file run28.pdb (PDB, C-alpha atoms and all ligand atoms)
ATOM      1  CA  MET A 151     108.877 -69.077 206.890
ATOM      2  CA  THR A 152     110.536 -71.866 204.984
ATOM      3  CA  ASP A 153     109.346 -73.971 202.139
ATOM      4  CA  SER A 154     110.088 -77.100 204.118
ATOM      5  CA  THR A 155     107.078 -76.396 206.322
ATOM      6  CA  PRO A 156     104.860 -79.439 205.999
ATOM      7  CA  PRO A 157     101.514 -78.636 204.476
ATOM      8  CA  THR A 158      98.946 -78.087 207.169
ATOM      9  CA  GLY A 159      95.604 -79.777 207.086
ATOM     10  CA  GLY A 160      95.245 -81.126 203.619
ATOM     11  CA  ASP A 161      92.626 -83.525 204.792
ATOM     12  CA  ALA A 162      90.406 -85.031 202.210
ATOM     13  CA  GLY A 163      86.849 -83.972 202.813
ATOM     14  CA  ASP A 164      84.531 -86.578 204.220
ATOM     15  CA  GLY A 165      81.326 -86.329 202.276
ATOM     16  CA  LYS A 166      79.755 -89.539 203.461
ATOM     17  CA  ALA A 167      76.400 -88.401 204.747
ATOM     18  CA  MET A 168      76.645 -84.927 203.268
ATOM     19  CA  GLY A 169      73.519 -83.550 201.656
ATOM     20  CA  LEU A 170      73.622 -80.981 198.878
ATOM     21  CA  ALA A 171      72.789 -78.026 201.116
ATOM     22  CA  GLU A 172      75.450 -79.001 203.627
ATOM     23  CA  PHE A 173      77.993 -79.455 200.869
ATOM     24  CA  LEU A 174      77.233 -76.055 199.374
ATOM     25  CA  ALA A 175      77.487 -74.483 202.817
ATOM     26  CA  HIS A 176      80.951 -75.996 203.233
ATOM     27  CA  ALA A 177      82.070 -74.982 199.783
ATOM     28  CA  HIS A 178      80.789 -71.452 200.291
ATOM     29  CA  ALA A 179      82.369 -71.090 203.737
ATOM     30  CA  MET A 180      85.639 -72.318 202.337
ATOM     31  CA  GLU A 181      85.713 -70.024 199.314
ATOM     32  CA  ALA A 182      84.462 -66.979 201.197
ATOM     33  CA  GLU A 183      87.059 -67.457 203.911
ATOM     34  CA  ALA A 184      89.834 -67.958 201.354
ATOM     35  CA  ALA A 185      88.757 -64.787 199.529
ATOM     36  CA  GLU A 186      88.636 -62.793 202.744
ATOM     37  CA  ARG A 187      92.066 -64.017 203.753
ATOM     38  CA  TYR A 188      93.634 -63.214 200.395
ATOM     39  CA  ALA A 189      92.110 -59.735 200.620
ATOM     40  CA  LEU A 190      93.477 -59.263 204.133
ATOM     41  CA  LEU A 191      96.925 -60.365 203.003
ATOM     42  CA  ALA A 192      96.699 -58.010 200.030
ATOM     43  CA  ASP A 193      95.965 -55.126 202.419
ATOM     44  CA  GLN A 194      98.833 -56.130 204.675
ATOM     45  CA  MET A 195     101.226 -56.292 201.736
ATOM     46  CA  ALA A 196     100.063 -52.888 200.524
ATOM     47  CA  VAL A 197     100.635 -51.409 203.989
ATOM     48  CA  HIS A 198     104.110 -52.902 203.959
ATOM     49  CA  ASN A 199     104.853 -51.362 200.626
ATOM     50  CA  ASN A 200     104.889 -54.691 198.813
ATOM     51  CA  PRO A 201     102.675 -53.826 195.854
ATOM     52  CA  GLY A 202     103.692 -56.791 193.693
ATOM     53  CA  VAL A 203     102.491 -59.374 196.170
ATOM     54  CA  ALA A 204      99.522 -57.193 197.132
ATOM     55  CA  THR A 205      98.339 -57.274 193.516
ATOM     56  CA  LEU A 206      98.800 -61.022 193.363
ATOM     57  CA  PHE A 207      96.778 -61.626 196.505
ATOM     58  CA  ARG A 208      94.103 -59.211 195.307
ATOM     59  CA  LYS A 209      93.777 -61.242 192.121
ATOM     60  CA  LEU A 210      93.436 -64.491 194.062
ATOM     61  CA  ALA A 211      90.870 -62.864 196.372
ATOM     62  CA  ASP A 212      88.808 -61.992 193.281
ATOM     63  CA  VAL A 213      88.952 -65.530 191.929
ATOM     64  CA  GLU A 214      87.865 -67.106 195.220
ATOM     65  CA  GLY A 215      85.259 -64.394 195.802
ATOM     66  CA  ARG A 216      83.704 -65.112 192.430
ATOM     67  CA  HIS A 217      83.617 -68.799 193.255
ATOM     68  CA  ALA A 218      81.854 -68.054 196.556
ATOM     69  CA  GLU A 219      79.259 -65.985 194.668
ATOM     70  CA  GLU A 220      78.696 -68.783 192.167
ATOM     71  CA  ILE A 221      78.050 -71.212 194.982
ATOM     72  CA  LYS A 222      75.568 -68.834 196.537
ATOM     73  CA  THR A 223      73.760 -68.545 193.217
ATOM     74  CA  ARG A 224      73.746 -72.324 192.885
ATOM     75  CA  ALA A 225      72.117 -72.635 196.293
ATOM     76  CA  GLY A 226      69.303 -70.503 194.910
ATOM     77  CA  ASP A 227      66.279 -69.337 196.802
ATOM     78  CA  THR A 228      66.628 -71.888 199.567
ATOM     79  CA  GLY A 229      69.893 -70.214 200.431
ATOM     80  CA  LEU A 230      72.843 -71.672 202.252
ATOM     81  CA  PRO A 231      72.299 -73.280 205.627
ATOM     82  CA  ARG A 232      74.469 -71.743 208.304
ATOM     83  CA  LEU A 233      77.182 -74.051 209.502
ATOM     84  CA  ALA A 234      77.076 -74.253 213.266
ATOM     85  CA  LEU A 235      80.315 -73.239 214.910
ATOM     86  CA  GLY A 236      82.669 -76.216 214.805
ATOM     87  CA  ALA A 237      80.262 -78.214 212.666
ATOM     88  CA  HIS A 238      82.379 -78.030 209.548
ATOM     89  CA  ARG A 239      84.006 -81.117 208.184
ATOM     90  CA  TRP A 240      87.599 -80.062 208.292
ATOM     91  CA  SER A 241      89.970 -80.687 211.110
ATOM     92  CA  ASP A 242      91.503 -77.218 211.386
ATOM     93  CA  ALA A 243      89.720 -74.191 212.752
ATOM     94  CA  GLU A 244      90.164 -72.591 209.365
ATOM     95  CA  GLY A 245      89.036 -73.885 206.011
ATOM     96  CA  PRO A 246      91.410 -75.927 203.861
ATOM     97  CA  GLU A 247      91.873 -73.187 201.279
ATOM     98  CA  THR A 248      92.637 -70.467 203.807
ATOM     99  CA  ILE A 249      96.168 -69.122 203.934
ATOM    100  CA  ASP A 250      97.664 -69.008 207.410
ATOM    101  CA  VAL A 251      98.348 -65.348 208.234
ATOM    102  CA  GLY A 252     101.293 -66.444 210.377
ATOM    103  CA  GLU A 253     103.020 -67.808 207.305
ATOM    104  CA  ALA A 254     102.912 -64.553 205.409
ATOM    105  CA  HIS A 255     105.985 -62.372 205.793
ATOM    106  CA  TYR A 256     105.760 -58.682 205.030
ATOM    107  CA  LEU A 257     108.872 -58.861 202.890
ATOM    108  CA  MET A 258     107.912 -61.973 201.060
ATOM    109  CA  LEU A 259     108.350 -62.112 197.344
ATOM    110  CA  PRO A 260     105.775 -63.194 194.798
ATOM    111  CA  TYR A 261     107.465 -66.593 194.742
ATOM    112  CA  GLN A 262     106.714 -67.204 198.418
ATOM    113  CA  ALA A 263     103.237 -65.745 198.211
ATOM    114  CA  LEU A 264     102.507 -68.107 195.345
ATOM    115  CA  ARG A 265     103.934 -71.056 197.261
ATOM    116  CA  LEU A 266     101.472 -70.304 200.069
ATOM    117  CA  ALA A 267      98.650 -69.963 197.571
ATOM    118  CA  LEU A 268      99.661 -73.217 195.911
ATOM    119  CA  ARG A 269      99.378 -75.093 199.188
ATOM    120  CA  GLY A 270      95.963 -73.579 199.841
ATOM    121  CA  GLU A 271      94.716 -74.558 196.397
ATOM    122  CA  GLU A 272      96.126 -78.063 196.798
ATOM    123  CA  ARG A 273      94.297 -78.414 200.104
ATOM    124  CA  ALA A 274      91.112 -77.320 198.354
ATOM    125  CA  VAL A 275      91.629 -80.024 195.698
ATOM    126  CA  ALA A 276      92.153 -82.598 198.451
ATOM    127  CA  PHE A 277      89.020 -81.500 200.275
ATOM    128  CA  PHE A 278      86.702 -81.511 197.275
ATOM    129  CA  GLY A 279      88.345 -84.645 195.896
ATOM    130  CA  GLY A 280      87.694 -86.427 199.177
ATOM    131  CA  VAL A 281      84.050 -85.396 199.175
ATOM    132  CA  ALA A 282      83.725 -86.502 195.550
ATOM    133  CA  GLU A 283      85.023 -89.926 196.510
ATOM    134  CA  THR A 284      83.064 -90.453 199.682
ATOM    135  CA  ALA A 285      79.712 -88.775 199.159
ATOM    136  CA  GLU A 286      76.709 -91.040 198.987
ATOM    137  CA  ASN A 287      74.620 -88.280 197.462
ATOM    138  CA  ALA A 288      75.147 -88.378 193.682
ATOM    139  CA  GLU A 289      74.584 -84.645 193.236
ATOM    140  CA  VAL A 290      77.154 -83.876 195.928
ATOM    141  CA  ARG A 291      79.580 -86.301 194.307
ATOM    142  CA  ALA A 292      79.233 -84.653 190.916
ATOM    143  CA  LEU A 293      79.484 -81.108 192.215
ATOM    144  CA  ALA A 294      82.449 -81.915 194.451
ATOM    145  CA  ALA A 295      84.232 -83.456 191.467
ATOM    146  CA  GLU A 296      83.505 -80.297 189.470
ATOM    147  CA  TYR A 297      84.877 -78.078 192.239
ATOM    148  CA  ALA A 298      87.924 -80.299 192.679
ATOM    149  CA  ALA A 299      88.613 -79.864 188.955
ATOM    150  CA  GLU A 300      88.202 -76.082 189.277
ATOM    151  CA  GLU A 301      90.628 -75.990 192.171
ATOM    152  CA  GLN A 302      93.016 -78.113 190.142
ATOM    153  CA  GLU A 303      92.820 -75.353 187.528
ATOM    154  CA  HIS A 304      93.801 -72.854 190.217
ATOM    155  CA  VAL A 305      96.723 -75.097 191.133
ATOM    156  CA  LEU A 306      97.888 -75.051 187.513
ATOM    157  CA  GLU A 307      97.417 -71.277 187.255
ATOM    158  CA  VAL A 308      99.425 -70.688 190.409
ATOM    159  CA  ARG A 309     102.090 -73.083 189.156
ATOM    160  CA  SER A 310     102.415 -71.226 185.866
ATOM    161  CA  MET A 311     102.643 -67.917 187.730
ATOM    162  CA  LEU A 312     105.300 -69.477 189.948
ATOM    163  CA  ALA A 313     107.348 -70.336 186.906
ATOM    164  CA  LEU A 314     107.677 -66.596 186.225
ATOM    165  CA  TYR A 315     109.442 -65.924 189.489
ATOM    166  CA  PRO A 316     112.832 -67.187 190.557
ATOM    167  CA  GLU A 317     113.174 -68.818 193.917
ATOM    168  CA  PRO A 318     114.535 -66.096 196.213
ATOM    169  CA  GLY A 319     118.015 -66.579 197.555
ATOM    170  CA  GLU A 320     119.002 -66.151 201.166
ATOM    171  CA  GLY A 321     118.615 -62.722 202.658
ATOM    172  CA  TRP A 322     115.247 -61.969 201.120
ATOM    173  CA  ALA A 323     113.955 -61.170 204.616
ATOM    174  CA  ASP A 324     116.723 -58.655 205.389
ATOM    175  CA  ASP A 325     115.161 -55.281 205.871
ATOM    176  CA  PRO A 326     117.537 -52.324 205.694
ATOM    177  CA  ASP A 327     114.850 -50.220 207.313
ATOM    178  CA  PRO A 328     112.836 -52.518 209.571
ATOM    179  CA  PRO A 329     109.428 -51.370 210.799
ATOM    180  CA  SER A 330     109.797 -50.024 214.314
ATOM    181  CA  THR A 331     108.162 -52.065 216.999
ATOM    182  CA  PRO A 332     107.323 -50.274 220.224
ATOM    183  CA  ASP A 333     108.836 -52.012 223.270
TER     184      ASP A 333
HETATM  185 ZN    ZN A 401      90.828 -71.933 194.556
END
call {"tool": "encode", "arguments": {"input": "run28.pdb", "output": "structure tokens", "more": "lines below"}}
Ligand code: ZN
result
Amino acid sequence: MTDSTPPTGGDAGDGKAMGLAEFLAHAHAMEAEAAERYALLADQMAVHNNPGVATLFRKLADVEGRHAEEIKTRAGDTGLPRLALGAHRWSDAEGPETIDVGEAHYLMLPYQALRLALRGEERAVAFFGGVAETAENAEVRALAAEYAAEEQEHVLEVRSMLALYPEPGEGWADDPDPPSTPD
């Protein structure tokens, strides 16, 4: 994993004909998936004896999980419509805020974990920002703008956490005792 990897996805959401229910379904799917992924990464880091990054991911999982719950509450009694497989308005198979498991390294340092998180949060800003700009439905526009602002807050939080960690030098991935892989 290098930091020169171009950000994946990052597409601005297209909210053109999006109704409120469809928007909430997208937002919920996105936040729930991001939360699940952060939790999975936290577990992986814990298994690999990387408690610092595990804690960080666990914290981010909580934040996104709470957001998913809020969206569910907002949807109210009518509930969230199920998004048909492949019917979501993002180009990747995974939601814009979801961290790619393949980019996580078991020896990564908080700095790298936060860089991954930063990209995810930036993609979330781009998605909601795009919907806010393109939606014809005024309620969707307003809510998307609100969510974009919230994600921008996450971006700033991750950035301030990043400032606490130095950029790792070369050799951070050297493992004196590598996990054995069966051949
Ligand atoms: Zn977020």
call {"tool": "resolve_selection", "arguments": {"input": "run28.pdb", "expression": "the PyMOL selection byres (((not hetatm)) within 9 of (chain A and resi 401))", "output": "list in words"}}
result
Glu181, Ala184, Ala185, Leu210, Val213, Glu214, His217, Glu247, Ala267, Gly270, Glu271, Glu272, Ala274, Val275, Tyr297, Glu300, Glu301, Gln302, Glu303, His304 and Val305 of chain A
call {"tool": "atom_distance", "arguments": {"input": "run28.pdb", "atom1": "atom CA of A:Met311", "atom2": "atom CA of A:Ala204"}}
result
14.6 Å
call {"tool": "atom_distance", "arguments": {"input": "run28.pdb", "atom1": "atom CA of A:Leu230", "atom2": "atom CA of A:Phe277"}}
result
19.0 Å
call {"tool": "resolve_selection", "arguments": {"input": "run28.pdb", "expression": "the PyMOL selection byres (((chain A and resi 220-227) around 12) and not hetatm)", "output": "list in words"}}
result
Leu170, Ala171, Glu172, Phe173, Leu174, Ala175, His176, Ala177, His178, Ala179, Met180, Glu181, Ala182, Val213, Glu214, Gly215, Arg216, His217, Ala218, Glu219, Thr228, Gly229, Leu230, Pro231, Leu293, Ala294, Glu296 and Tyr297 of chain A
call {"tool": "resolve_selection", "arguments": {"input": "run28.pdb", "expression": "the PyMOL selection byres (((chain A and resi 286) around 9) and not hetatm)", "output": "ChimeraX atom specification"}}
result
/A:165-169,283-285,287-291
call {"tool": "closest_atom_pairs", "arguments": {"input": "run28.pdb", "of": "stretch 244-277 of chain A", "to": "stretch 189-203 of chain A", "cutoff": "7 Å", "atoms": "only C-alpha atoms", "output": "JSON lines"}}
result
{"residue": "A:Tyr256", "atom": "CA", "partner": "A:Met195", "partner_atom": "CA", "distance": 6.1}
{"residue": "A:Leu259", "atom": "CA", "partner": "A:Val203", "partner_atom": "CA", "distance": 6.6}
{"residue": "A:Pro260", "atom": "CA", "partner": "A:Val203", "partner_atom": "CA", "distance": 5.2}
{"residue": "A:Ala263", "atom": "CA", "partner": "A:Val203", "partner_atom": "CA", "distance": 6.7}
call {"tool": "residues_around", "arguments": {"input": "run28.pdb", "residues": "A:Leu314", "least_positions_apart": "4", "cutoff": "10 Å", "atoms": "only C-alpha atoms", "output": "count of residues only"}}
result
4
call {"tool": "closest_residue", "arguments": {"input": "run28.pdb", "among": "A:Arg232, A:His255, A:Arg187, A:Arg269", "to": "A:Val308", "atoms": "only C-alpha atoms"}}
result
A:Arg269
call {"tool": "closest_residue", "arguments": {"input": "run28.pdb", "among": "A:Pro326, A:Pro318, A:Leu268, A:Glu183", "to": "A:Glu244", "atoms": "only C-alpha atoms"}}
result
A:Glu183
call {"tool": "atom_distance", "arguments": {"input": "run28.pdb", "atom1": "atom CA of A:Lys209", "atom2": "atom CA of A:Tyr188"}}
result
8.5 Å
call {"tool": "residues_around", "arguments": {"input": "run28.pdb", "residues": "A:Ala295", "least_positions_apart": "4", "cutoff": "7 Å", "atoms": "only C-alpha atoms", "output": "PyMOL selection string"}}
result
chain A and resi 278-279+282+291+299
